[in-house]
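*Asks:* So here's my_file_4.tsv, just TSV, C-alpha atoms:
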```
chain	number	residue	atom	x	y	z
A	1	MET	CA	0.00	0.00	0.00
A	2	LYS	CA	1.36	3.39	-1.00
A	3	HIS	CA	-0.04	5.55	1.82
A	4	ARG	CA	1.26	5.18	5.34
A	5	ARG	CA	1.02	6.61	8.82
A	6	VAL	CA	1.34	10.39	8.69
A	7	THR	CA	4.15	10.43	11.24
A	8	PHE	CA	6.18	7.99	9.15
A	9	LEU	CA	5.52	9.34	5.64
A	10	ARG	CA	4.23	12.79	4.73
A	11	SER	CA	2.30	12.31	1.51
A	12	HIS	CA	3.52	14.21	-1.55
A	13	PRO	CA	0.53	15.87	-3.29
A	14	VAL	CA	1.26	14.29	-6.66
A	15	LEU	CA	1.81	10.85	-5.18
A	16	ALA	CA	-1.41	11.17	-3.23
A	17	VAL	CA	-3.37	11.59	-6.46
A	18	VAL	CA	-1.54	8.71	-8.12
A	19	ALA	CA	-2.05	6.45	-5.13
A	20	ALA	CA	-5.76	7.20	-5.03
A	21	VAL	CA	-6.05	6.10	-8.65
A	22	ILE	CA	-4.04	2.92	-8.25
A	23	GLY	CA	-5.20	2.09	-4.72
A	24	LEU	CA	-7.61	-0.48	-6.10
A	25	ALA	CA	-4.79	-2.13	-7.97
A	26	GLY	CA	-2.66	-2.41	-4.86
A	27	SER	CA	-5.35	-3.79	-2.67
A	28	GLY	CA	-7.54	-6.20	-4.60
A	29	ALA	CA	-7.35	-9.03	-7.05
A	30	ILE	CA	-9.12	-10.94	-9.76
A	31	ALA	CA	-11.27	-13.93	-8.91
A	32	SER	CA	-9.67	-17.34	-9.13
A	33	THR	CA	-10.99	-19.72	-11.74
A	34	VAL	CA	-9.97	-22.88	-9.91
A	35	SER	CA	-10.86	-23.22	-6.24
A	36	MET	CA	-12.21	-25.52	-3.57
A	37	ARG	CA	-13.99	-24.77	-0.33
A	38	ALA	CA	-12.46	-24.91	3.11
A	39	GLU	CA	-13.69	-26.91	6.06
A	40	PRO	CA	-15.47	-24.68	8.59
A	41	ARG	CA	-13.92	-23.90	11.94
A	42	ARG	CA	-15.26	-26.18	14.66
A	43	PRO	CA	-16.93	-23.94	17.26
A	44	ASP	CA	-16.30	-26.51	20.00
A	45	VAL	CA	-12.50	-26.46	19.49
A	46	PRO	CA	-10.28	-23.55	20.60
A	47	VAL	CA	-8.85	-21.86	17.53
A	48	ALA	CA	-5.28	-22.21	18.80
A	49	GLN	CA	-5.72	-25.98	19.02
A	50	GLU	CA	-7.43	-26.17	15.65
A	51	ILE	CA	-4.78	-24.16	13.80
A	52	GLY	CA	-2.06	-26.22	15.39
A	53	SER	CA	-3.69	-29.49	14.38
A	54	ARG	CA	-4.29	-28.30	10.85
A	55	LEU	CA	-0.75	-27.07	10.40
A	56	GLY	CA	0.46	-30.39	11.66
A	57	GLY	CA	-1.83	-32.53	9.54
A	58	GLY	CA	-3.24	-30.50	6.66
A	59	ALA	CA	-6.61	-28.97	5.97
A	60	GLY	CA	-9.96	-30.64	6.03
A	61	PRO	CA	-11.74	-32.11	3.02
A	62	ALA	CA	-13.08	-30.04	0.19
A	63	GLY	CA	-16.74	-29.20	0.27
A	64	ALA	CA	-19.24	-26.50	1.18
A	65	ASP	CA	-18.20	-24.11	3.93
A	66	PRO	CA	-21.21	-23.56	6.18
A	67	ALA	CA	-19.09	-21.29	8.38
A	68	HIS	CA	-19.03	-18.80	5.53
A	69	PRO	CA	-22.05	-16.47	5.33
A	70	GLY	CA	-22.05	-16.53	1.54
A	71	GLY	CA	-20.10	-19.54	0.30
A	72	ALA	CA	-17.01	-17.77	-1.04
A	73	PRO	CA	-14.31	-19.89	-2.68
A	74	SER	CA	-11.38	-21.43	-0.90
A	75	SER	CA	-8.29	-23.03	-2.39
A	76	GLN	CA	-6.80	-26.45	-3.00
A	77	ALA	CA	-6.10	-29.06	-0.35
A	78	ALA	CA	-3.51	-28.14	2.25
A	79	HIS	CA	0.03	-29.38	2.51
A	80	ALA	CA	1.18	-30.85	5.81
A	81	SER	CA	3.48	-28.65	7.88
A	82	PRO	CA	5.11	-29.15	11.29
A	83	ALA	CA	5.11	-25.41	11.95
A	84	ALA	CA	2.50	-25.33	14.73
A	85	GLY	CA	0.90	-27.34	17.49
A	86	GLN	CA	4.37	-28.40	18.55
A	87	THR	CA	5.81	-28.42	22.03
A	88	ARG	CA	9.32	-27.46	20.94
A	89	ARG	CA	10.44	-23.86	21.32
A	90	CYS	CA	10.31	-21.73	18.17
A	91	THR	CA	13.11	-19.20	17.70
A	92	VAL	CA	14.61	-17.21	14.81
A	93	GLY	CA	17.90	-17.61	12.97
A	94	ALA	CA	20.36	-15.02	11.71
A	95	LYS	CA	18.03	-14.07	8.84
A	96	LEU	CA	15.04	-13.88	11.23
A	97	VAL	CA	13.43	-17.00	9.77
A	98	PRO	CA	11.51	-18.83	12.51
A	99	THR	CA	12.54	-22.41	13.19
A	100	CYS	CA	8.84	-23.19	13.50
A	101	GLY	CA	5.66	-21.17	13.56
A	102	LEU	CA	5.19	-17.69	12.08
A	103	LEU	CA	6.09	-14.15	13.06
A	104	TRP	CA	3.11	-11.88	13.84
A	105	GLY	CA	3.35	-8.20	12.99
A	106	VAL	CA	1.58	-4.95	12.21
A	107	ALA	CA	1.85	-1.55	10.60
A	108	PRO	CA	-0.21	0.11	13.37
A	109	GLY	CA	-2.35	3.22	13.12
A	110	ALA	CA	-1.63	3.87	9.45
A	111	PHE	CA	-3.07	7.14	8.10
A	112	THR	CA	-3.28	8.58	11.60
A	113	ASP	CA	-1.08	10.97	13.58
A	114	LEU	CA	-0.48	8.47	16.38
A	115	PRO	CA	3.19	7.87	17.27
A	116	ALA	CA	4.34	4.37	16.46
A	117	ALA	CA	4.67	3.25	20.07
A	118	ARG	CA	1.18	4.42	21.00
A	119	ALA	CA	-0.45	2.94	17.89
A	120	LEU	CA	1.36	-0.34	18.49
A	121	ALA	CA	0.23	-0.46	22.11
A	122	ASN	CA	-3.37	0.17	21.00
A	123	PHE	CA	-3.22	-2.64	18.46
A	124	GLU	CA	-1.73	-5.12	20.90
A	125	ARG	CA	-4.26	-4.26	23.59
A	126	THR	CA	-7.14	-4.55	21.13
A	127	THR	CA	-6.06	-7.81	19.53
A	128	GLY	CA	-4.64	-9.50	22.60
A	129	ARG	CA	-1.22	-10.45	21.22
A	130	HIS	CA	2.24	-8.91	21.33
A	131	ALA	CA	3.51	-8.05	17.84
A	132	ASP	CA	6.83	-9.55	16.79
A	133	ILE	CA	7.21	-7.07	13.91
A	134	LEU	CA	6.69	-3.29	13.85
A	135	HIS	CA	6.32	-2.12	10.24
A	136	SER	CA	7.34	1.45	9.34
A	137	TYR	CA	7.77	3.55	6.19
A	138	HIS	CA	10.44	6.05	5.18
A	139	ARG	CA	11.78	7.78	2.10
A	140	GLY	CA	14.82	9.66	0.87
A	141	ASP	CA	16.81	11.45	3.55
A	142	GLU	CA	14.36	10.85	6.39
A	143	VAL	CA	16.25	9.86	9.51
A	144	PHE	CA	15.41	6.32	10.50
A	145	PRO	CA	15.22	4.25	12.58
A	146	THR	CA	13.43	6.93	14.60
A	147	ALA	CA	13.69	7.32	18.36
A	148	ASP	CA	10.11	6.06	18.62
A	149	GLU	CA	10.93	2.92	16.62
A	150	ILE	CA	14.06	2.26	18.65
A	151	ALA	CA	12.10	2.63	21.88
A	152	ALA	CA	9.49	0.16	20.63
A	153	VAL	CA	12.04	-2.59	19.95
A	154	ARG	CA	13.89	-1.95	23.21
A	155	GLN	CA	10.92	-3.04	25.32
A	156	PRO	CA	11.49	-5.99	27.70
A	157	LYS	CA	9.63	-8.25	25.27
A	158	LYS	CA	11.53	-8.06	22.01
A	159	ARG	CA	10.26	-6.86	18.65
A	160	ILE	CA	11.73	-6.67	15.14
A	161	LEU	CA	11.64	-3.41	13.19
A	162	PHE	CA	10.65	-3.74	9.53
A	163	ALA	CA	11.47	-0.52	7.67
A	164	ASN	CA	10.48	0.26	4.09
A	165	TRP	CA	12.82	2.82	2.54
A	166	LYS	CA	12.35	4.56	-0.81
A	167	VAL	CA	16.03	5.11	-1.45
A	168	ALA	CA	15.45	6.89	-4.77
A	169	TRP	CA	12.98	9.46	-3.42
A	170	GLY	CA	13.43	12.65	-5.48
A	171	THR	CA	15.53	10.92	-8.11
A	172	THR	CA	15.48	7.65	-10.10
A	173	TRP	CA	16.39	4.03	-9.59
A	174	ALA	CA	19.06	4.36	-12.27
A	175	ASP	CA	20.62	7.28	-10.41
A	176	VAL	CA	20.87	5.24	-7.21
A	177	ALA	CA	22.34	2.29	-9.12
A	178	ALA	CA	24.97	4.57	-10.68
A	179	GLY	CA	26.10	5.83	-7.28
A	180	GLY	CA	24.25	9.14	-7.33
A	181	GLN	CA	22.81	8.59	-3.85
A	182	ASP	CA	25.79	6.94	-2.17
A	183	ALA	CA	26.05	9.70	0.41
A	184	ARG	CA	22.41	9.07	1.35
A	185	ILE	CA	23.05	5.34	1.63
A	186	ASP	CA	26.21	5.88	3.66
A	187	ARG	CA	24.37	8.06	6.19
A	188	ALA	CA	21.74	5.37	6.54
A	189	ALA	CA	24.47	2.77	7.00
A	190	GLU	CA	25.81	4.54	10.07
A	191	ARG	CA	22.38	4.68	11.66
A	192	LEU	CA	21.61	1.06	10.82
A	193	LYS	CA	24.90	-0.13	12.33
A	194	ALA	CA	23.99	1.67	15.54
A	195	PHE	CA	20.53	0.09	15.70
A	196	PRO	CA	20.10	-2.22	18.73
A	197	GLY	CA	19.38	-5.51	16.99
A	198	THR	CA	18.62	-7.06	13.63
A	199	LEU	CA	15.93	-5.49	11.44
A	200	PHE	CA	14.15	-6.06	8.15
A	201	LEU	CA	14.68	-3.50	5.39
A	202	ALA	CA	12.74	-3.30	2.11
A	203	PRO	CA	14.33	-0.96	-0.45
A	204	HIS	CA	11.38	0.65	-2.27
A	205	HIS	CA	8.48	-1.68	-1.56
A	206	GLU	CA	5.79	-2.32	-4.18
A	207	PRO	CA	7.83	-1.24	-7.21
A	208	GLU	CA	5.49	-2.60	-9.87
A	209	ASN	CA	3.29	0.45	-10.39
A	210	ASP	CA	6.34	2.74	-10.49
A	211	VAL	CA	7.92	0.90	-13.44
A	212	ARG	CA	8.23	2.98	-16.60
A	213	SER	CA	9.55	2.21	-20.07
A	214	GLY	CA	12.48	4.58	-19.62
A	215	GLY	CA	13.71	7.56	-17.63
A	216	GLY	CA	15.76	5.47	-15.23
A	217	MET	CA	12.67	3.71	-13.87
A	218	THR	CA	12.56	0.42	-15.76
A	219	ALA	CA	12.25	-2.92	-14.01
A	220	LYS	CA	15.94	-3.56	-14.65
A	221	ASP	CA	16.74	-0.16	-13.12
A	222	TYR	CA	14.85	-1.24	-10.01
A	223	ALA	CA	16.84	-4.47	-9.75
A	224	ALA	CA	20.09	-2.51	-10.17
A	225	MET	CA	19.01	0.02	-7.51
A	226	PHE	CA	18.14	-2.77	-5.07
A	227	ARG	CA	21.43	-4.54	-5.67
A	228	HIS	CA	23.52	-1.39	-5.36
A	229	THR	CA	21.79	-0.36	-2.13
A	230	VAL	CA	22.35	-3.74	-0.51
A	231	GLU	CA	25.96	-4.02	-1.66
A	232	ARG	CA	26.75	-0.46	-0.57
A	233	LEU	CA	25.27	-1.00	2.88
A	234	ARG	CA	27.19	-4.25	3.29
A	235	ALA	CA	30.41	-2.61	2.11
A	236	ARG	CA	29.93	0.05	4.80
A	237	GLY	CA	29.80	-2.62	7.49
A	238	VAL	CA	26.06	-3.15	7.90
A	239	THR	CA	25.59	-6.73	9.09
A	240	ASN	CA	22.35	-6.48	11.08
A	241	VAL	CA	19.92	-5.95	8.20
A	242	VAL	CA	17.77	-8.64	6.55
A	243	PHE	CA	16.73	-7.50	3.07
A	244	VAL	CA	13.16	-7.95	1.82
A	245	LEU	CA	11.89	-7.54	-1.73
A	246	ALA	CA	8.25	-6.54	-1.13
A	247	TYR	CA	6.02	-6.92	-4.18
A	248	MET	CA	2.56	-5.42	-4.59
A	249	ALA	CA	1.61	-8.87	-5.96
A	250	TYR	CA	-1.23	-7.50	-8.08
A	251	GLU	CA	-1.96	-9.88	-10.94
A	252	PRO	CA	-2.05	-7.37	-13.84
A	253	TRP	CA	1.51	-6.34	-12.94
A	254	CYS	CA	2.65	-9.92	-12.44
A	255	VAL	CA	1.86	-10.85	-16.03
A	256	GLN	CA	3.79	-7.94	-17.53
A	257	PRO	CA	6.80	-8.95	-19.68
A	258	TRP	CA	9.13	-6.98	-17.39
A	259	PHE	CA	7.94	-8.55	-14.11
A	260	ASP	CA	10.80	-11.05	-13.78
A	261	ASP	CA	13.32	-8.26	-14.44
A	262	LEU	CA	12.52	-6.75	-11.02
A	263	TYR	CA	14.34	-9.54	-9.20
A	264	PRO	CA	17.91	-8.45	-8.35
A	265	GLY	CA	19.35	-11.87	-7.42
A	266	ASP	CA	19.32	-14.37	-4.60
A	267	ASP	CA	22.51	-13.01	-3.07
A	268	VAL	CA	20.89	-9.65	-2.21
A	269	VAL	CA	17.38	-10.86	-1.31
A	270	ASP	CA	16.84	-12.60	2.03
A	271	TRP	CA	13.02	-12.67	2.12
A	272	ILE	CA	10.29	-12.08	-0.44
A	273	GLY	CA	7.24	-10.08	0.62
A	274	MET	CA	3.76	-9.58	-0.79
A	275	ASP	CA	1.17	-6.87	-0.03
A	276	PRO	CA	-2.33	-8.20	-0.86
A	277	TYR	CA	-5.72	-6.90	0.33
A	278	LEU	CA	-9.31	-8.13	0.32
A	279	TYR	CA	-12.75	-6.53	0.19
A	280	ALA	CA	-15.47	-7.86	2.48
A	281	LYS	CA	-18.30	-7.00	0.09
A	282	PRO	CA	-19.63	-10.25	-1.46
A	283	GLY	CA	-19.43	-10.47	-5.20
A	284	GLY	CA	-17.25	-7.40	-5.38
A	285	TYR	CA	-13.73	-6.87	-6.53
A	286	GLY	CA	-11.12	-8.66	-4.43
A	287	TYR	CA	-13.57	-10.67	-2.31
A	288	GLY	CA	-12.47	-14.07	-1.05
A	289	ASP	CA	-10.74	-16.12	1.62
A	290	PHE	CA	-7.13	-16.30	2.79
A	291	SER	CA	-6.02	-18.64	0.02
A	292	TYR	CA	-7.48	-16.21	-2.49
A	293	LEU	CA	-5.58	-13.40	-0.78
A	294	VAL	CA	-2.15	-14.99	-1.17
A	295	ASN	CA	-2.57	-17.08	-4.33
A	296	ARG	CA	-5.23	-15.42	-6.47
A	297	THR	CA	-5.33	-15.85	-10.24
A	298	SER	CA	-7.83	-15.25	-13.01
A	299	ASP	CA	-6.10	-17.68	-15.37
A	300	PRO	CA	-3.64	-20.27	-13.99
A	301	ALA	CA	-2.27	-20.80	-17.50
A	302	LYS	CA	-1.06	-17.19	-17.54
A	303	TRP	CA	-0.34	-16.63	-13.85
A	304	PRO	CA	-0.16	-19.39	-11.23
A	305	GLY	CA	-0.87	-17.16	-8.25
A	306	PHE	CA	1.73	-15.25	-6.28
A	307	TYR	CA	2.41	-17.96	-3.71
A	308	ASN	CA	2.81	-20.59	-6.43
A	309	TRP	CA	5.09	-18.28	-8.42
A	310	VAL	CA	7.35	-17.58	-5.45
A	311	THR	CA	7.70	-21.19	-4.42
A	312	ARG	CA	8.38	-22.33	-7.99
A	313	THR	CA	10.87	-19.61	-8.96
A	314	HIS	CA	12.39	-18.62	-5.61
A	315	GLY	CA	11.63	-21.63	-3.47
A	316	ASN	CA	14.70	-21.13	-1.31
A	317	LYS	CA	13.36	-17.84	0.06
A	318	PRO	CA	11.03	-17.41	3.05
A	319	LEU	CA	7.83	-15.56	2.20
A	320	MET	CA	6.34	-12.73	4.25
A	321	VAL	CA	2.84	-11.35	3.89
A	322	ALA	CA	4.38	-7.94	4.45
A	323	GLU	CA	1.03	-6.15	4.39
A	324	TRP	CA	-2.46	-7.56	4.41
A	325	GLY	CA	-5.83	-6.17	5.30
A	326	VAL	CA	-9.57	-6.58	4.84
A	327	TYR	CA	-11.74	-3.59	3.95
A	328	GLU	CA	-14.91	-3.50	6.04
A	329	HIS	CA	-18.34	-3.96	4.44
A	330	THR	CA	-20.55	-2.15	6.94
A	331	ALA	CA	-23.77	-3.58	5.50
A	332	ASP	CA	-22.69	-7.06	6.57
A	333	PRO	CA	-19.91	-7.19	9.20
A	334	ALA	CA	-20.09	-10.99	9.21
A	335	GLN	CA	-18.20	-11.04	5.92
A	336	LYS	CA	-15.00	-9.54	7.31
A	337	ALA	CA	-15.30	-11.83	10.33
A	338	TRP	CA	-15.58	-14.83	8.01
A	339	ILE	CA	-12.49	-13.79	6.04
A	340	PHE	CA	-10.48	-13.56	9.27
A	341	SER	CA	-11.74	-17.00	10.26
A	342	THR	CA	-10.29	-18.55	7.10
A	343	VAL	CA	-6.71	-17.51	7.87
A	344	GLY	CA	-6.15	-20.11	10.56
A	345	ARG	CA	-7.97	-22.80	8.59
A	346	GLN	CA	-5.84	-22.28	5.49
A	347	LEU	CA	-2.36	-21.37	6.76
A	348	ALA	CA	-1.21	-24.96	6.41
A	349	GLN	CA	-1.69	-24.73	2.66
A	350	PHE	CA	1.16	-22.21	2.47
A	351	PRO	CA	4.15	-23.47	4.47
A	352	ALA	CA	6.58	-21.02	2.83
A	353	ILE	CA	4.84	-18.14	4.62
A	354	LYS	CA	6.87	-17.33	7.71
A	355	ALA	CA	5.37	-13.98	8.75
A	356	LEU	CA	2.00	-12.20	8.69
A	357	VAL	CA	2.09	-8.40	9.06
A	358	TYR	CA	-1.31	-6.69	9.24
A	359	PHE	CA	-2.00	-3.18	7.90
A	360	ASP	CA	-4.12	-1.50	10.57
A	361	SER	CA	-5.84	1.68	9.41
A	362	PRO	CA	-9.19	3.42	9.83
A	363	HIS	CA	-8.55	5.46	6.68
A	364	ALA	CA	-6.82	3.23	4.15
A	365	PRO	CA	-7.45	4.25	0.50
A	366	LYS	CA	-10.36	1.83	0.05
A	367	GLY	CA	-11.82	1.65	3.53
A	368	ASP	CA	-11.36	0.59	7.14
A	369	THR	CA	-8.91	-2.28	7.65
A	370	ARG	CA	-8.86	-2.16	11.45
A	371	PRO	CA	-9.45	-5.60	12.96
A	372	ASP	CA	-11.99	-4.06	15.35
A	373	SER	CA	-14.11	-2.33	12.70
A	374	SER	CA	-16.92	-4.54	14.04
A	375	ASP	CA	-17.35	-6.72	17.10
A	376	SER	CA	-17.66	-9.86	14.99
A	377	ALA	CA	-14.49	-9.08	13.03
A	378	LEU	CA	-12.55	-8.45	16.22
A	379	ALA	CA	-13.76	-11.70	17.77
A	380	GLU	CA	-12.40	-13.71	14.82
A	381	PHE	CA	-9.18	-11.71	14.64
A	382	ARG	CA	-8.54	-12.29	18.34
A	383	ARG	CA	-9.17	-16.03	17.84
A	384	LEU	CA	-6.53	-16.00	15.13
A	385	ALA	CA	-4.12	-14.07	17.34
A	386	GLU	CA	-4.56	-16.65	20.12
A	387	SER	CA	-2.95	-19.35	17.99
A	388	THR	CA	0.25	-20.89	19.29
A	389	VAL	CA	1.57	-20.85	15.71
A	390	PHE	CA	2.56	-17.24	16.40
A	391	SER	CA	4.44	-18.11	19.60
A	392	VAL	CA	7.95	-17.45	18.28
A	393	THR	CA	10.62	-16.43	20.81
A	394	LEU	CA	12.78	-13.56	19.59
```
Mind converting the file's structure to structure tokens?
*Replies:*
Amino acid sequence: MKHRRVTFLRSHPVLAVVAAVIGLAGSGAIASTVSMRAEPRRPDVPVAQEIGSRLGGGAGPAGADPAHPGGAPSSQAAHASPAAGQTRRCTVGAKLVPTCGLLWGVAPGAFTDLPAARALANFERTTGRHADILHSYHRGDEVFPTADEIAAVRQPKKRILFANWKVAWGTTWADVAAGGQDARIDRAAERLKAFPGTLFLAPHHEPENDVRSGGGMTAKDYAAMFRHTVERLRARGVTNVVFVLAYMAYEPWCVQPWFDDLYPGDDVVDWIGMDPYLYAKPGGYGYGDFSYLVNRTSDPAKWPGFYNWVTRTHGNKPLMVAEWGVYEHTADPAQKAWIFSTVGRQLAQFPAIKALVYFDSPHAPKGDTRPDSSDSALAEFRRLAESTVFSVTL
């Protein structure tokens, strides 16, 4: 998503207009042509136990989903995964990949003036779970990590900062790749080296809708910018940064002939991220369950779905749902609640996903993504948050 918390990213007037136009593209998807329905959640079983058992033994059989208030599609049968329901302790390695389970995170209070620490505390209190990841957004010469972000990760219970940084703000990707912003990168390197811990960094997230046919903003220019930024930071002694390539993952971009040119190489990418969104209005654009969120396609012959593409072409990389959200449908709050309920039922289908980072905003471009936009939505979101699959020790 191109708009962020006001305190993290002051919107440029021109970008605001552009983002409003393409907001739909960055937040929805096209209906899948091949799908199956998920087994409903058993109301007599705690959701933490159910998610754990499903991740350990796969999803239930295909068939109608009576738990869904409208019968929306689900995806194919799940793959078995030992990631949850286990008694062993889950930790993270040097690249922040959990040994089991998933990391739980949030971009809190987006499109508000709340400081990060306060917005994060509100989200955690509302949803009932400590966030492993705090997602923030920066551009150009903004000084980051900020004091607020540093304070948030220095709490007694650890957190990981995930910073998006538009390195080429005010210039072009080609200029960065050619060394034109090395002084900017070097200043960032000193701050990153001083940061208390390991953090995620995404150089220019969601590049797809910024690609042009020339002017230093081609897909190959993006890959060169990403590579140069990573190599320059490493050359300046930065060893505590895990690099994320965060795609918008919107199907019309994914089928462009230049899409594969965005990838800068395995040696400079540690994780791959995706930023998908759903609408809770039945029959509308981008409406569906969790499997639709992460693996949507209108034509599998042309595009296999983002999850399938990642695991087939970059299967050695952990996958992060770096942003996700559900836009409220106020006429029927049960729809958003149902979508939240499918996450735990379907996680086992996607074992490459190692982190879920929610985008929490009352004023996102296409609506209200807050998990507590209705009582029913919050109840299902809290059930998801209760799962032991997110019990990773940092």
*Asks:* Quick one: residues within 6 Å of region 355-364 of chain A, all atoms listed in the file, excluding same-chain residues fewer than 2 positions away - as a ChimeraX atom specification?
*Replies:* /A:102-111,320-325,353,366-370
*Asks:* What is the distance between CA of Val269 (chain A) and CA of His135 (chain A), in Å to one decimal?
*Replies:*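 Taking CA of Val269 (chain A) and CA of His135 (chain A), their separation equals 18.2 Å.
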*Asks:* Rounded to one decimal in Å, what is the spacing between CA of Val244 (chain A) and CA of Ala377 (chain A)?
*Replies:*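 The value is 29.9 Å.
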*Asks:* Which neighbours of Gly305 (chain A) fall inside 8 Å, counting all atoms listed in the file, when residues of the same chain fewer than 6 positions from it are skipped, and could you give them as an MDAnalysis selection string?
*Replies:* chainID A and resid 251 294:297
*Asks:* Find the residue from A:Leu384, A:Leu134, A:Val310, A:Met225 that sits nearest to Ser341 (chain A); use only C-alpha atoms when measuring.
*Replies:*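 Of all the options, A:Leu384 lies closest to Ser341 (chain A).
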*Asks:* Rounded to one decimal, what separation in Å do you get between CA of Met217 (chain A) and CA of Ala249 (chain A)?
*Replies:*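 About the pair CA of Met217 (chain A) and CA of Ala249 (chain A): they are 18.5 Å apart.
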*Asks:* Please provide the set of residues having any atom within 10 Å of Tyr222 (chain A), restricted to only C-alpha atoms, with same-chain residues fewer than 2 positions apart removed, written as number ranges by chain.
*Replies:* A: 168, 172-174, 176-177, 203-204, 207-208, 210-211, 216-220, 224-228, 261-264
*Asks:* Can you tell me which residues surround region 178-192 of chain A at a distance of at most 12 Å, considering all atoms listed in the file, apart from same-chain residues fewer than 3 positions away, and format the answer as a ChimeraX atom specification?
*Replies:* /A:138-147,150,161,163,165-175,195-201,203,216,221-222,224-242
*Asks:* Using all atoms listed in the file, pick whichever of A:Glu206, A:Glu380, A:Asp148, A:Asp132 has the shortest atom-to-atom distance to Phe259 (chain A).
*Replies:*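 Checking each of A:Glu206, A:Glu380, A:Asp148, A:Asp132 against Phe259 (chain A), counting all atoms listed in the file, the winner is A:Glu206.
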*Asks:* Please determine, counting all atoms listed in the file, which residue among A:Gly214, A:Pro318, A:Gly283, A:Gly101 has the shortest atom-to-atom distance to Asp270 (chain A).
*Replies:*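 Closest candidate: A:Pro318.
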*Asks:* For a quick check of understanding, using all atoms listed in the file, which of A:Pro252, A:Leu378, A:Tyr292, A:Ala131 has the smallest distance to Asn308 (chain A)?
*Replies:*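 Smallest distance to Asn308 (chain A) is found for A:Tyr292.
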